[in-house]
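Note sheet for the following structure.
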Amino acid sequence: MTVRTRFAPSPTGYMHIGGMRTALFNWLWARHNGGQFILRIDDTDQQRNVEAALAPILDAFRWLGLDWDEGPEVGGPHGPYFQSQRGAQYGAALRQLLESGQAYRDFDPPELIQADRQAAEQEKRNYLNIRRSLDLSADEVARLIAEGRPHVIRLLVDRDRKVAIDDVVRGHVEWDAALISDPVICRQDGSPLYNFATVVDDAALEITHVIRAEEHLTNTAVQVLLFEALGHALPTFAHIPFVAAPGTSKKLSKRDLKKYSTNPQFKKLFEAGEAILSPLDLAISDEMNPVMVAFYRELGFLPEAVLNALSRLGWSLDDKTEQMSLEFVTEHFTLDRVVKGAAGFDADKLLAFQEHWMGRRSTEERVAGCLPYLLRAGWLSDPIREDQREFVGRLVSALGDRLKLFGDILRYDEYFVDDDQMPFDEKAFDKRIRKPEDAVPLLREYRAQLAAAETFDAPSLDAALHAWVESKGIQMGQIIHALRVATTGKPAGPGMFDCLALLGKERCLARIDRAINAV
RNA sequence: GCCCCCAUCGUCUAGAGGCCCAGGACAUUGGAUUCUCAGUCCAAAGACAGGGGUUCAAAUCCCCUUGGGGGUACCA
């Protein structure tokens with residue numbers, strides 16, 4: 001039997017990182033088995049602007065390279081893939097259940113149900129719906145329907161039985177049906193409820209494996225009842241742990257975003273977000289924050305890194321393999337190696353994966369990744385001139401490992417601003433130029449050396465400075481720190497000679513002059 | 001309240017009765033390299049929630065306690 005899995009997002013306008021992990025596991029299981037991965041849109045709730053709200057979700061899939069065999073844009077033999085367009089199927093299933101007596105119309109007004117529930121709560125017992133409408137005769141029911149009396153439709157649960165599944169990750173899980181209220185499967189307005197629509201669709205789409213977060217485990221009891229009532233075979237269930245917020249075992253949620261900003265792990269992400277988004281005139285927001293996939297794309301993370309991190313959230317291959325490509329994970333992914341406990345999102349580890357995968361990108365690829373950022377920040381002309389492209393190439397190779405995210409290129413504004421606009425880091429300026437007595441005289445002297453230099457590449461500059469330092473009988477540290485701050489404005493960066501060569505003679509001289517005058 | 005799930009270093013995890021006085025990775029700390037930063041290399045510190053069983057033997061099986069989480073909707 002062909003393995004068919006699905007991911008069924010609601011069009012919310014963003015793609016949650018935890019949802020992405022669930023989607024990934026579904027995709028992996030389908031691909032691992034040479035099966036199909038289906039995208040179904042659960043849009044029973046919101047009908048306006050589904051397309052706009054869906055776009056960020058599909059973008060996230062495309063960015064990570066997770067394709068779908070059936071669903072929006074690609075169609076498929078089991079369509080439509082939007083629940084809002086599947087009314088006919090739900091209607092048919094409803095009729096089937098009603099006619100076979102496995103579902104019934106409940107005419108009790110909501111207030112009455114509410115009172116029942118409150119009473120149960122006060123008596124500290126489990127609430128079970130009271131089946132008053134079941135006492136109505138067929139004639140009475142027919143009369144109430146003819147009258148247009150509002151009602152919902154409930155599944156009639158057999159209270160003398162147990163419901164059980166053998167979950168691939170949880171094992172055998174059992175519920176006593178005597179404790180389960182008859183679930184409403186159809187609202188007063190005729191629209192289907194989640195548990196019902198899901199079962200109808202999962203059956204119609206011939207889903208073989210339902211892989212979803214464990215928050216749905218309890219729903220499964222009702223869904224199993226529904227599968228059976230409809231006469232469908234049960235799919236295999238795999239309830240994977242949800243992705244927890246760092247340092248907690250609570251579900252990662254965009255509602256708690258404020259709290260996360262003080263978390264030491266997330267702090268780095270927020271800091272990077274700040275540094276990279278602000279030159280782009282963007283800011284951390286409801287749609288753009290560490291809980292959303294879009295955030296990582298916008299900062300210039302690599303899909304490989306995000307995929308690698310997501311794969312390891314609740315799944316492992318063995319006791320040592322950490323760095324894995326999507327292809328590798330696909331080959332080795334099995335459900336029985338999914339962990340049971342909640343997995344906290346580990347931002348540090350994501351960063352480590354990012355460094356690893358970025359390290360495997362060539363300079364050309366890194367340049368290609370950085371260029372869009374520089375363009376968007378307005379630091380390059382559009383179209384990009386050839387000399388600019390060449391310059392960015394030299395900068396990127398000088399940056400080496402320091403460039404962890406493509407967006408990090410925006411932290412090196414000193415190479416793109418005019419010389420008289422370059423800001424000096426005040427603390428560094430004090431420490432390296434203003435305070436040391438010999439800094440300014442040495443800078444002056446070295447400036448003359450530079451001005452006379454015939455070649456301006458890093459190796460010659462390196463050799464020349466070493467010779468000069470030796471002839472003067474001073475320490476390298478006495479000049480080089482002052483020189484760095486003078487020319488780049490910052491206390492840290494690529495090798496000094498790379499920086500000088502990158503800037504070129506004219507700009508170096510101009511900046512040294514400016515630094516001396518600023519003392 | 002009721003139902004269900006979960007529990008190994010700070011974090012992600014390995015461990016399916018002896019290979020474990022518990023292994024790896026990230027983070028942390030110390031050292032080396034260096035003009036700074038980043039990186040790299042070496043090293044250190046760091047966990048089986050508690051209590052009972054079962055067994056010659058338990059991180060691994062059973063029970064209880066504690067703790068954490070999820071669900072309890074005419075949400076998904």
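Going through the structure tokens in order, the chains are called A, B, and so on, while each chain numbers its residues from 1 and the ligands are numbered from 1 in the order shown.
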Practice task
Write out as a ChimeraX atom specification each polymer residue whose atoms come within 10 Å of A:Ser181, counting only C-alpha atoms (C1' of nucleotides); drop sequence neighbours fewer than 2 positions from it.
Solution key: /A:126-131,154-157,159,177-179,183-184,222 /B:72
Exercise for the section: Using only C-alpha atoms (C1' of nucleotides), determine which residues lie at most 6 Å from stretch 23-35 of chain B, disregarding the query and same-chain residues fewer than 4 positions distant; provide the list as a PyMOL selection string. Expected result: chain A and resi 319-320+349+480
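Nearest to chain B of all the residues A:Val168, A:Leu310, A:Leu134, A:Ile276 is A:Leu310, based on only C-alpha atoms (C1' of nucleotides).
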Practice task
Check stretch 124-270 of chain A with DSSP on the backbone and list each residue it calls strand (DSSP E or B), as an MDAnalysis selection string.
Solution key: chainID A and resid 152:155 162:167 171:176 184:186 192 209:213 236:240 243:244 251
Closest pair table for chain B residues within 12 Å of chain A, only C-alpha atoms (C1' of nucleotides), as a tab-separated table:
```
residue	atom	partner	partner_atom	distance
B:G1	C1'	A:Lys124	CA	4.8
B:C2	C1'	A:Asn126	CA	4.9
B:C3	C1'	A:Leu179	CA	7.7
B:C4	C1'	A:Thr218	CA	6.3
B:C5	C1'	A:Glu214	CA	7.9
B:C6	C1'	A:Gly341	CA	5.5
B:A7	C1'	A:Gly341	CA	7.6
B:U8	C1'	A:Gly341	CA	11.6
B:G10	C1'	A:Gly247	CA	8.5
B:U11	C1'	A:Asp346	CA	6.4
B:C12	C1'	A:Asp346	CA	6.8
B:U13	C1'	A:Ser316	CA	7.0
B:A14	C1'	A:Asp319	CA	4.1
B:G15	C1'	A:Asp319	CA	8.7
B:A16	C1'	A:Asp336	CA	11.3
B:G23	C1'	A:Asp319	CA	6.9
B:G24	C1'	A:Lys320	CA	4.7
B:A25	C1'	A:Glu322	CA	6.5
B:C26	C1'	A:Lys349	CA	5.0
B:A27	C1'	A:Asp348	CA	6.9
B:U34	C1'	A:Gly495	CA	9.8
B:C35	C1'	A:Ile480	CA	5.8
B:U36	C1'	A:Ala492	CA	4.8
B:C37	C1'	A:Ala492	CA	4.6
B:A38	C1'	A:Arg402	CA	4.9
B:G39	C1'	A:Asp401	CA	6.3
B:U40	C1'	A:Asp401	CA	11.0
B:G67	C1'	A:Ser249	CA	11.7
B:G68	C1'	A:Ser249	CA	6.9
B:G69	C1'	A:Lys250	CA	6.6
B:G70	C1'	A:Glu215	CA	5.2
B:G71	C1'	A:Thr218	CA	5.7
B:U72	C1'	A:Tyr127	CA	8.9
B:A73	C1'	A:Val184	CA	9.4
B:C74	C1'	A:Arg187	CA	4.7
B:C75	C1'	A:Tyr194	CA	8.2
B:A76	C1'	A:Tyr194	CA	6.5
```
Selection file, C-alpha atoms (C1' of nucleotides), as a PDB file, in the first residue's frame:
```
ATOM      1  C1'   G B   1     -12.597  18.399  38.757  1.00  0.00           C
ATOM      2  C1'   C B   2     -12.290  14.424  34.962  1.00  0.00           C
ATOM      3  C1'   C B   3      -9.489  11.955  30.904  1.00  0.00           C
ATOM      4  C1'   C B   4      -4.863  11.197  28.408  1.00  0.00           C
ATOM      5  C1'   C B   5       0.421  11.728  27.708  1.00  0.00           C
ATOM      6  C1'   C B   6       5.413  12.512  29.389  1.00  0.00           C
ATOM      7  C1'   A B   7      10.042  12.316  32.814  1.00  0.00           C
ATOM      8  C1'   U B   8      18.524  10.717  31.228  1.00  0.00           C
ATOM      9  C1'   G B  10      21.548  23.704  31.227  1.00  0.00           C
ATOM     10  C1'   U B  11      19.514  22.072  26.001  1.00  0.00           C
ATOM     11  C1'   C B  12      18.759  18.281  21.874  1.00  0.00           C
ATOM     12  C1'   U B  13      19.460  13.279  22.508  1.00  0.00           C
ATOM     13  C1'   A B  14      21.946   7.671  22.722  1.00  0.00           C
ATOM     14  C1'   G B  15      20.424   3.864  25.816  1.00  0.00           C
ATOM     15  C1'   A B  16      14.820  -1.509  24.005  1.00  0.00           C
ATOM     16  C1'   G B  23      27.830   7.882  25.097  1.00  0.00           C
ATOM     17  C1'   G B  24      27.464  12.095  21.430  1.00  0.00           C
ATOM     18  C1'   A B  25      26.169  17.129  19.988  1.00  0.00           C
ATOM     19  C1'   C B  26      25.061  22.283  21.359  1.00  0.00           C
ATOM     20  C1'   A B  27      25.858  25.664  25.217  1.00  0.00           C
ATOM     21  C1'   U B  34      46.277  34.873  16.473  1.00  0.00           C
ATOM     22  C1'   C B  35      46.555  41.983  15.254  1.00  0.00           C
ATOM     23  C1'   U B  36      40.906  41.989  17.213  1.00  0.00           C
ATOM     24  C1'   C B  37      36.664  39.131  16.449  1.00  0.00           C
ATOM     25  C1'   A B  38      35.156  34.650  14.335  1.00  0.00           C
ATOM     26  C1'   G B  39      37.175  29.902  13.595  1.00  0.00           C
ATOM     27  C1'   U B  40      40.177  25.676  14.757  1.00  0.00           C
ATOM     28  C1'   G B  67       6.731  17.184  38.796  1.00  0.00           C
ATOM     29  C1'   G B  68       5.649  18.801  33.792  1.00  0.00           C
ATOM     30  C1'   G B  69       2.326  18.953  29.663  1.00  0.00           C
ATOM     31  C1'   G B  70      -2.066  18.236  26.626  1.00  0.00           C
ATOM     32  C1'   G B  71      -7.293  17.780  26.247  1.00  0.00           C
ATOM     33  C1'   U B  72     -11.902  18.610  28.321  1.00  0.00           C
ATOM     34  C1'   A B  73     -15.828  23.920  22.657  1.00  0.00           C
ATOM     35  C1'   C B  74     -21.575  24.664  17.958  1.00  0.00           C
ATOM     36  C1'   C B  75     -11.785  26.238  17.820  1.00  0.00           C
ATOM     37  C1'   A B  76      -8.248  23.914  14.738  1.00  0.00           C
TER      38        A B  76
END
```
Handout entry: Computed interatomic separation between atom CA of A:Phe295 and atom CA of A:Arg6 (Å)
Key =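 Separation of atom CA of A:Phe295 and atom CA of A:Arg6: 24.3 Å.
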Problem - Nearby residues (only C-alpha atoms (C1' of nucleotides)) at most 7 Å from A:Thr487, same-chain spacing under 4 positions excluded, as a PyMOL selection string - result: chain A and resi 483+508+511-512
